[in-house]
Amino acid sequence: QVQLVESGGNLVQAGGSLRLSCAASGGMIINRAAGWFRQAPGKEREFVASINWSGGSTYYADSVKGRFTISRDNARSTVYLQMNSLKPDDTAVYYCATRATCFGGTYSGSTEYNYWGQGTQVTVSS
């Protein structure tokens with residue numbers, strides 16, 4: 001069973017930056033696509049960013065494009081989300097996810113992912 005643990009969430013002022021990390025147990029994120037999603041209070045979970053198994057391909061939601069960067073370090077079985085120029089609308093619980101199948105591309109649908117972390121809270125104050 002894959003376990004994903006997110007960290008790095010915090011309270012930050014608008015315009016600030018945070019880096020989220022997602023560590024996978026047993027190296028189970030290696031050779032698998034990964035994604036970040038977020039869920040704000042009263043809203044549905046939404047896609048933020050995805051990275052393919054090698055790190056060579058990434059895909060972003062329009063709302064974060066140019067501000068967020070997804071990356072991975074397969075040697076550390078960790079996926080990151082660098083968030084810059086944060087806005088109050090970015091306030092949410094952020095979840096990382098990965099797939100059961102290896103390789104493939106990037107995926108923006110939550111149903112494409114099989115394993116999820118517990119989430120980390122990001123709060124952006126105005």
# chains A, B, ... in the order shown; residues from 1 in each chain; ligands from 1
>>> residues_around(residues="stretch 54-64 of chain A", least_positions_apart="2", cutoff="8 Å", atoms="only C-alpha atoms", output="ChimeraX atom specification")
/A:31,47-52,66-68,70-72,103,105-108
>>> write_last_selection(atoms="C-alpha atoms", output="short mmCIF file (atom, residue, chain, number, x, y, z; two decimals), in the first residue's frame")
data_model
loop_
_atom_site.label_atom_id
_atom_site.label_comp_id
_atom_site.auth_asym_id
_atom_site.auth_seq_id
_atom_site.Cartn_x
_atom_site.Cartn_y
_atom_site.Cartn_z
CA ASN A 31 8.04 5.71 -12.38
CA PHE A 47 -6.72 19.96 -10.14
CA VAL A 48 -3.61 22.09 -9.64
CA ALA A 49 -0.65 20.44 -11.38
CA SER A 50 0.62 17.13 -12.70
CA ILE A 51 4.03 15.72 -13.55
CA ASN A 52 4.83 12.61 -15.54
CA GLY A 66 3.15 30.89 -14.23
CA ARG A 67 3.00 30.97 -10.42
CA PHE A 68 3.30 27.32 -9.38
CA ILE A 70 5.67 21.03 -9.88
CA SER A 71 8.85 18.98 -9.75
CA ARG A 72 10.09 15.64 -8.51
CA PHE A 103 4.84 5.53 -16.78
CA GLY A 105 1.81 11.11 -19.14
CA THR A 106 0.24 13.86 -17.05
CA TYR A 107 -3.31 13.63 -15.73
CA SER A 108 -5.72 16.30 -14.54
#
>>> residues_around(residues="A:Ala97", least_positions_apart="5", cutoff="10 Å", atoms="only C-alpha atoms", output="list of chain:residue names")
A:Gln3, A:Leu4, A:Val5, A:Glu6, A:Cys22, A:Ala24, A:Ile29, A:Ala33, A:Ala34, A:Gly35, A:Trp36, A:Phe37, A:Ser50, A:Val79, A:Ser110, A:Glu112, A:Tyr113, A:Asn114, A:Tyr115, A:Trp116, A:Gly117, A:Gln118, A:Gly119
>>> select_by_dssp(residues="stretch 34-89 of chain A", states="strand (DSSP E or B)", output="PyMOL selection string")
chain A and resi 34-39+46-51+58-60+68-73+78-83
>>> write_last_selection(atoms="N, CA, C and O atoms", output="compact mmCIF listing (two decimals), in the first residue's frame")
# COMPACT_ATOMS: atom_id res chain seq x y z
N ALA A 34 2.40 11.91 -10.95
CA ALA A 34 1.91 12.45 -9.69
C ALA A 34 1.18 13.76 -9.95
O ALA A 34 1.41 14.43 -10.96
N GLY A 35 0.32 14.10 -9.03
CA GLY A 35 -0.44 15.33 -9.18
C GLY A 35 -0.70 16.00 -7.85
O GLY A 35 -0.61 15.38 -6.79
N TRP A 36 -0.99 17.28 -7.94
CA TRP A 36 -1.43 18.07 -6.78
C TRP A 36 -2.85 18.56 -7.06
O TRP A 36 -3.14 19.05 -8.17
N PHE A 37 -3.68 18.43 -6.07
CA PHE A 37 -5.06 18.93 -6.10
C PHE A 37 -5.28 19.79 -4.87
O PHE A 37 -4.50 19.75 -3.92
N ARG A 38 -6.35 20.56 -4.88
CA ARG A 38 -6.67 21.35 -3.69
C ARG A 38 -8.18 21.43 -3.50
O ARG A 38 -8.95 21.29 -4.47
N GLN A 39 -8.57 21.64 -2.26
CA GLN A 39 -9.99 21.76 -1.94
C GLN A 39 -10.19 22.88 -0.93
O GLN A 39 -9.67 22.81 0.18
N GLU A 46 -10.15 20.39 -6.77
CA GLU A 46 -9.78 20.79 -8.11
C GLU A 46 -8.32 20.48 -8.41
O GLU A 46 -7.47 20.48 -7.51
N PHE A 47 -8.06 20.26 -9.67
CA PHE A 47 -6.72 19.96 -10.14
C PHE A 47 -5.83 21.20 -10.06
O PHE A 47 -6.29 22.31 -10.36
N VAL A 48 -4.58 21.00 -9.68
CA VAL A 48 -3.61 22.09 -9.64
C VAL A 48 -2.47 21.85 -10.63
O VAL A 48 -2.20 22.70 -11.48
N ALA A 49 -1.81 20.70 -10.52
CA ALA A 49 -0.65 20.44 -11.38
C ALA A 49 -0.38 18.95 -11.43
O ALA A 49 -0.73 18.21 -10.51
N SER A 50 0.25 18.53 -12.53
CA SER A 50 0.62 17.13 -12.70
C SER A 50 2.01 17.05 -13.31
O SER A 50 2.42 17.93 -14.06
N ILE A 51 2.70 15.96 -12.99
CA ILE A 51 4.03 15.72 -13.55
C ILE A 51 4.11 14.26 -13.96
O ILE A 51 3.59 13.38 -13.28
N THR A 58 5.04 18.41 -17.64
CA THR A 58 4.19 18.95 -16.58
C THR A 58 2.95 19.59 -17.18
O THR A 58 2.93 19.95 -18.36
N TYR A 59 1.94 19.75 -16.36
CA TYR A 59 0.68 20.34 -16.81
C TYR A 59 0.06 21.07 -15.64
O TYR A 59 0.08 20.57 -14.51
N TYR A 60 -0.50 22.27 -15.89
CA TYR A 60 -1.01 23.11 -14.82
C TYR A 60 -2.43 23.58 -15.11
O TYR A 60 -2.81 23.80 -16.26
N PHE A 68 2.95 28.57 -10.05
CA PHE A 68 3.30 27.32 -9.38
C PHE A 68 4.20 26.48 -10.28
O PHE A 68 4.06 26.50 -11.50
N THR A 69 5.07 25.69 -9.63
CA THR A 69 5.94 24.78 -10.36
C THR A 69 5.94 23.43 -9.67
O THR A 69 6.26 23.35 -8.47
N ILE A 70 5.61 22.38 -10.41
CA ILE A 70 5.67 21.03 -9.88
C ILE A 70 6.99 20.41 -10.32
O ILE A 70 7.44 20.62 -11.44
N SER A 71 7.59 19.65 -9.42
CA SER A 71 8.85 18.98 -9.75
C SER A 71 8.94 17.69 -8.94
O SER A 71 8.11 17.45 -8.06
N ARG A 72 9.93 16.89 -9.24
CA ARG A 72 10.09 15.64 -8.51
C ARG A 72 11.55 15.28 -8.37
O ARG A 72 12.38 15.66 -9.19
N ASP A 73 11.84 14.53 -7.31
CA ASP A 73 13.16 13.98 -7.06
C ASP A 73 12.95 12.48 -6.83
O ASP A 73 12.61 12.06 -5.72
N THR A 78 10.05 11.87 -3.81
CA THR A 78 9.34 13.06 -3.36
C THR A 78 8.93 13.92 -4.55
O THR A 78 9.69 14.07 -5.51
N VAL A 79 7.74 14.48 -4.44
CA VAL A 79 7.22 15.43 -5.43
C VAL A 79 7.01 16.76 -4.71
O VAL A 79 6.59 16.78 -3.55
N TYR A 80 7.31 17.84 -5.40
CA TYR A 80 7.22 19.17 -4.80
C TYR A 80 6.23 20.05 -5.56
O TYR A 80 5.97 19.84 -6.75
N LEU A 81 5.73 21.04 -4.85
CA LEU A 81 4.94 22.09 -5.49
C LEU A 81 5.44 23.43 -4.96
O LEU A 81 5.20 23.75 -3.78
N GLN A 82 6.17 24.14 -5.79
CA GLN A 82 6.64 25.48 -5.44
C GLN A 82 5.54 26.47 -5.81
O GLN A 82 5.14 26.54 -6.97
N MET A 83 5.10 27.24 -4.83
CA MET A 83 4.00 28.17 -5.03
C MET A 83 4.50 29.58 -4.77
O MET A 83 4.91 29.90 -3.65
>>> closest_residue(among="A:Gly9, A:Gly16, A:Pro88, A:Gly109", to="A:Ser125", atoms="only C-alpha atoms")
A:Pro88
>>> closest_residue(among="A:Arg76, A:Arg45, A:Lys65, A:Arg99", to="A:Ala23", atoms="only C-alpha atoms")
A:Arg76
>>> atom_distance(atom1="atom CA of A:Thr101", atom2="atom CA of A:Val2")
12.2 Å
>>> closest_residue(among="A:Ser77, A:Thr91, A:Asn84, A:Thr123", to="A:Ala40", atoms="only C-alpha atoms")
A:Thr91
>>> atom_distance(atom1="atom CA of A:Ser25", atom2="atom CA of A:Val122")
23.0 Å
>>> closest_residue(among="A:Thr120, A:Asn74, A:Gln13, A:Ser126", to="A:Ala92", atoms="only C-alpha atoms")
A:Thr120
>>> closest_residue(among="A:Cys102, A:Met28, A:Leu20, A:Val93", to="A:Pro41", atoms="only C-alpha atoms")
A:Val93
>>> closest_residue(among="A:Ser7, A:Gln1, A:Gln121, A:Thr111", to="A:Asp90", atoms="only C-alpha atoms")
A:Gln121
>>> select_by_dssp(residues="stretch 32-104 of chain A", states="helix (DSSP H, G or I)", output="ChimeraX atom specification")
/A:74-76,88-90
>>> atom_distance(atom1="atom CA of A:Leu18", atom2="atom CA of A:Tyr94")
11.9 Å
>>> decode(residues="stretch 13-55 of chain A", atoms="N, CA and C atoms", output="short mmCIF file (atom, residue, chain, number, x, y, z; two decimals), in the first residue's frame")
data_model
loop_
_atom_site.label_atom_id
_atom_site.label_comp_id
_atom_site.auth_asym_id
_atom_site.auth_seq_id
_atom_site.Cartn_x
_atom_site.Cartn_y
_atom_site.Cartn_z
N GLN A 13 1.31 35.47 3.82
CA GLN A 13 0.65 36.67 3.31
C GLN A 13 0.57 36.61 1.79
N ALA A 14 -0.40 37.31 1.26
CA ALA A 14 -0.53 37.40 -0.19
C ALA A 14 0.76 37.91 -0.81
N GLY A 15 1.15 37.29 -1.91
CA GLY A 15 2.40 37.62 -2.57
C GLY A 15 3.57 36.78 -2.12
N GLY A 16 3.37 36.01 -1.07
CA GLY A 16 4.43 35.17 -0.54
C GLY A 16 4.56 33.86 -1.27
N SER A 17 5.46 33.00 -0.75
CA SER A 17 5.76 31.72 -1.38
C SER A 17 5.75 30.60 -0.35
N LEU A 18 5.45 29.41 -0.83
CA LEU A 18 5.55 28.18 -0.04
C LEU A 18 6.01 27.06 -0.95
N ARG A 19 6.65 26.07 -0.37
CA ARG A 19 6.98 24.86 -1.11
C ARG A 19 6.38 23.67 -0.38
N LEU A 20 5.51 22.97 -1.06
CA LEU A 20 4.91 21.75 -0.52
C LEU A 20 5.73 20.55 -0.96
N SER A 21 5.81 19.56 -0.08
CA SER A 21 6.49 18.31 -0.39
C SER A 21 5.52 17.14 -0.22
N CYS A 22 5.73 16.12 -1.01
CA CYS A 22 4.93 14.90 -0.93
C CYS A 22 5.89 13.73 -0.96
N ALA A 23 6.05 13.06 0.17
CA ALA A 23 6.97 11.94 0.28
C ALA A 23 6.19 10.63 0.20
N ALA A 24 6.70 9.71 -0.61
CA ALA A 24 6.02 8.43 -0.80
C ALA A 24 6.78 7.32 -0.10
N SER A 25 6.04 6.42 0.53
CA SER A 25 6.67 5.30 1.20
C SER A 25 7.16 4.28 0.19
N GLY A 26 8.26 3.63 0.53
CA GLY A 26 8.73 2.51 -0.28
C GLY A 26 9.08 2.87 -1.71
N GLY A 27 9.32 4.13 -1.96
CA GLY A 27 9.70 4.52 -3.32
C GLY A 27 8.58 4.35 -4.33
N MET A 28 7.35 4.28 -3.84
CA MET A 28 6.24 3.91 -4.72
C MET A 28 5.75 5.03 -5.62
N ILE A 29 6.44 6.16 -5.61
CA ILE A 29 6.06 7.22 -6.53
C ILE A 29 6.98 7.23 -7.74
N ILE A 30 8.04 6.43 -7.64
CA ILE A 30 8.99 6.34 -8.74
C ILE A 30 8.31 5.70 -9.95
N ASN A 31 8.59 6.23 -11.11
CA ASN A 31 8.04 5.71 -12.38
C ASN A 31 6.53 5.87 -12.48
N ARG A 32 5.97 6.71 -11.65
CA ARG A 32 4.52 6.98 -11.70
C ARG A 32 4.24 8.46 -11.79
N ALA A 33 3.23 8.81 -12.56
CA ALA A 33 2.82 10.20 -12.61
C ALA A 33 2.31 10.63 -11.24
N ALA A 34 2.40 11.91 -10.95
CA ALA A 34 1.91 12.45 -9.69
C ALA A 34 1.18 13.76 -9.95
N GLY A 35 0.32 14.10 -9.03
CA GLY A 35 -0.44 15.33 -9.18
C GLY A 35 -0.70 16.00 -7.85
N TRP A 36 -0.99 17.28 -7.94
CA TRP A 36 -1.43 18.07 -6.78
C TRP A 36 -2.85 18.56 -7.06
N PHE A 37 -3.68 18.43 -6.07
CA PHE A 37 -5.06 18.93 -6.10
C PHE A 37 -5.28 19.79 -4.87
N ARG A 38 -6.35 20.56 -4.88
CA ARG A 38 -6.67 21.35 -3.69
C ARG A 38 -8.18 21.43 -3.50
N GLN A 39 -8.57 21.64 -2.26
CA GLN A 39 -9.99 21.76 -1.94
C GLN A 39 -10.19 22.88 -0.93
N ALA A 40 -10.90 23.90 -1.35
CA ALA A 40 -11.24 25.01 -0.47
C ALA A 40 -12.57 24.71 0.23
N PRO A 41 -12.82 25.34 1.36
CA PRO A 41 -14.07 25.09 2.09
C PRO A 41 -15.29 25.34 1.21
N GLY A 42 -16.19 24.39 1.20
CA GLY A 42 -17.43 24.53 0.44
C GLY A 42 -17.28 24.33 -1.05
N LYS A 43 -16.10 23.96 -1.49
CA LYS A 43 -15.86 23.76 -2.93
C LYS A 43 -15.40 22.34 -3.21
N GLU A 44 -15.51 21.95 -4.48
CA GLU A 44 -15.06 20.63 -4.87
C GLU A 44 -13.53 20.63 -5.00
N ARG A 45 -12.98 19.44 -4.91
CA ARG A 45 -11.55 19.29 -5.11
C ARG A 45 -11.21 19.63 -6.57
N GLU A 46 -10.15 20.39 -6.77
CA GLU A 46 -9.78 20.79 -8.11
C GLU A 46 -8.32 20.48 -8.41
N PHE A 47 -8.06 20.26 -9.67
CA PHE A 47 -6.72 19.96 -10.14
C PHE A 47 -5.83 21.20 -10.06
N VAL A 48 -4.58 21.00 -9.68
CA VAL A 48 -3.61 22.09 -9.64
C VAL A 48 -2.47 21.85 -10.63
N ALA A 49 -1.81 20.70 -10.52
CA ALA A 49 -0.65 20.44 -11.38
C ALA A 49 -0.38 18.95 -11.43
N SER A 50 0.25 18.53 -12.53
CA SER A 50 0.62 17.13 -12.70
C SER A 50 2.01 17.05 -13.31
N ILE A 51 2.70 15.96 -12.99
CA ILE A 51 4.03 15.72 -13.55
C ILE A 51 4.11 14.26 -13.96
N ASN A 52 4.76 14.00 -15.10
CA ASN A 52 4.83 12.61 -15.54
C ASN A 52 5.91 11.87 -14.77
N TRP A 53 6.09 10.59 -15.07
CA TRP A 53 6.93 9.72 -14.27
C TRP A 53 8.39 10.15 -14.26
N SER A 54 8.85 10.77 -15.35
CA SER A 54 10.27 11.13 -15.45
C SER A 54 10.53 12.58 -15.01
N GLY A 55 9.47 13.37 -14.93
CA GLY A 55 9.64 14.79 -14.66
C GLY A 55 9.80 15.62 -15.91
#
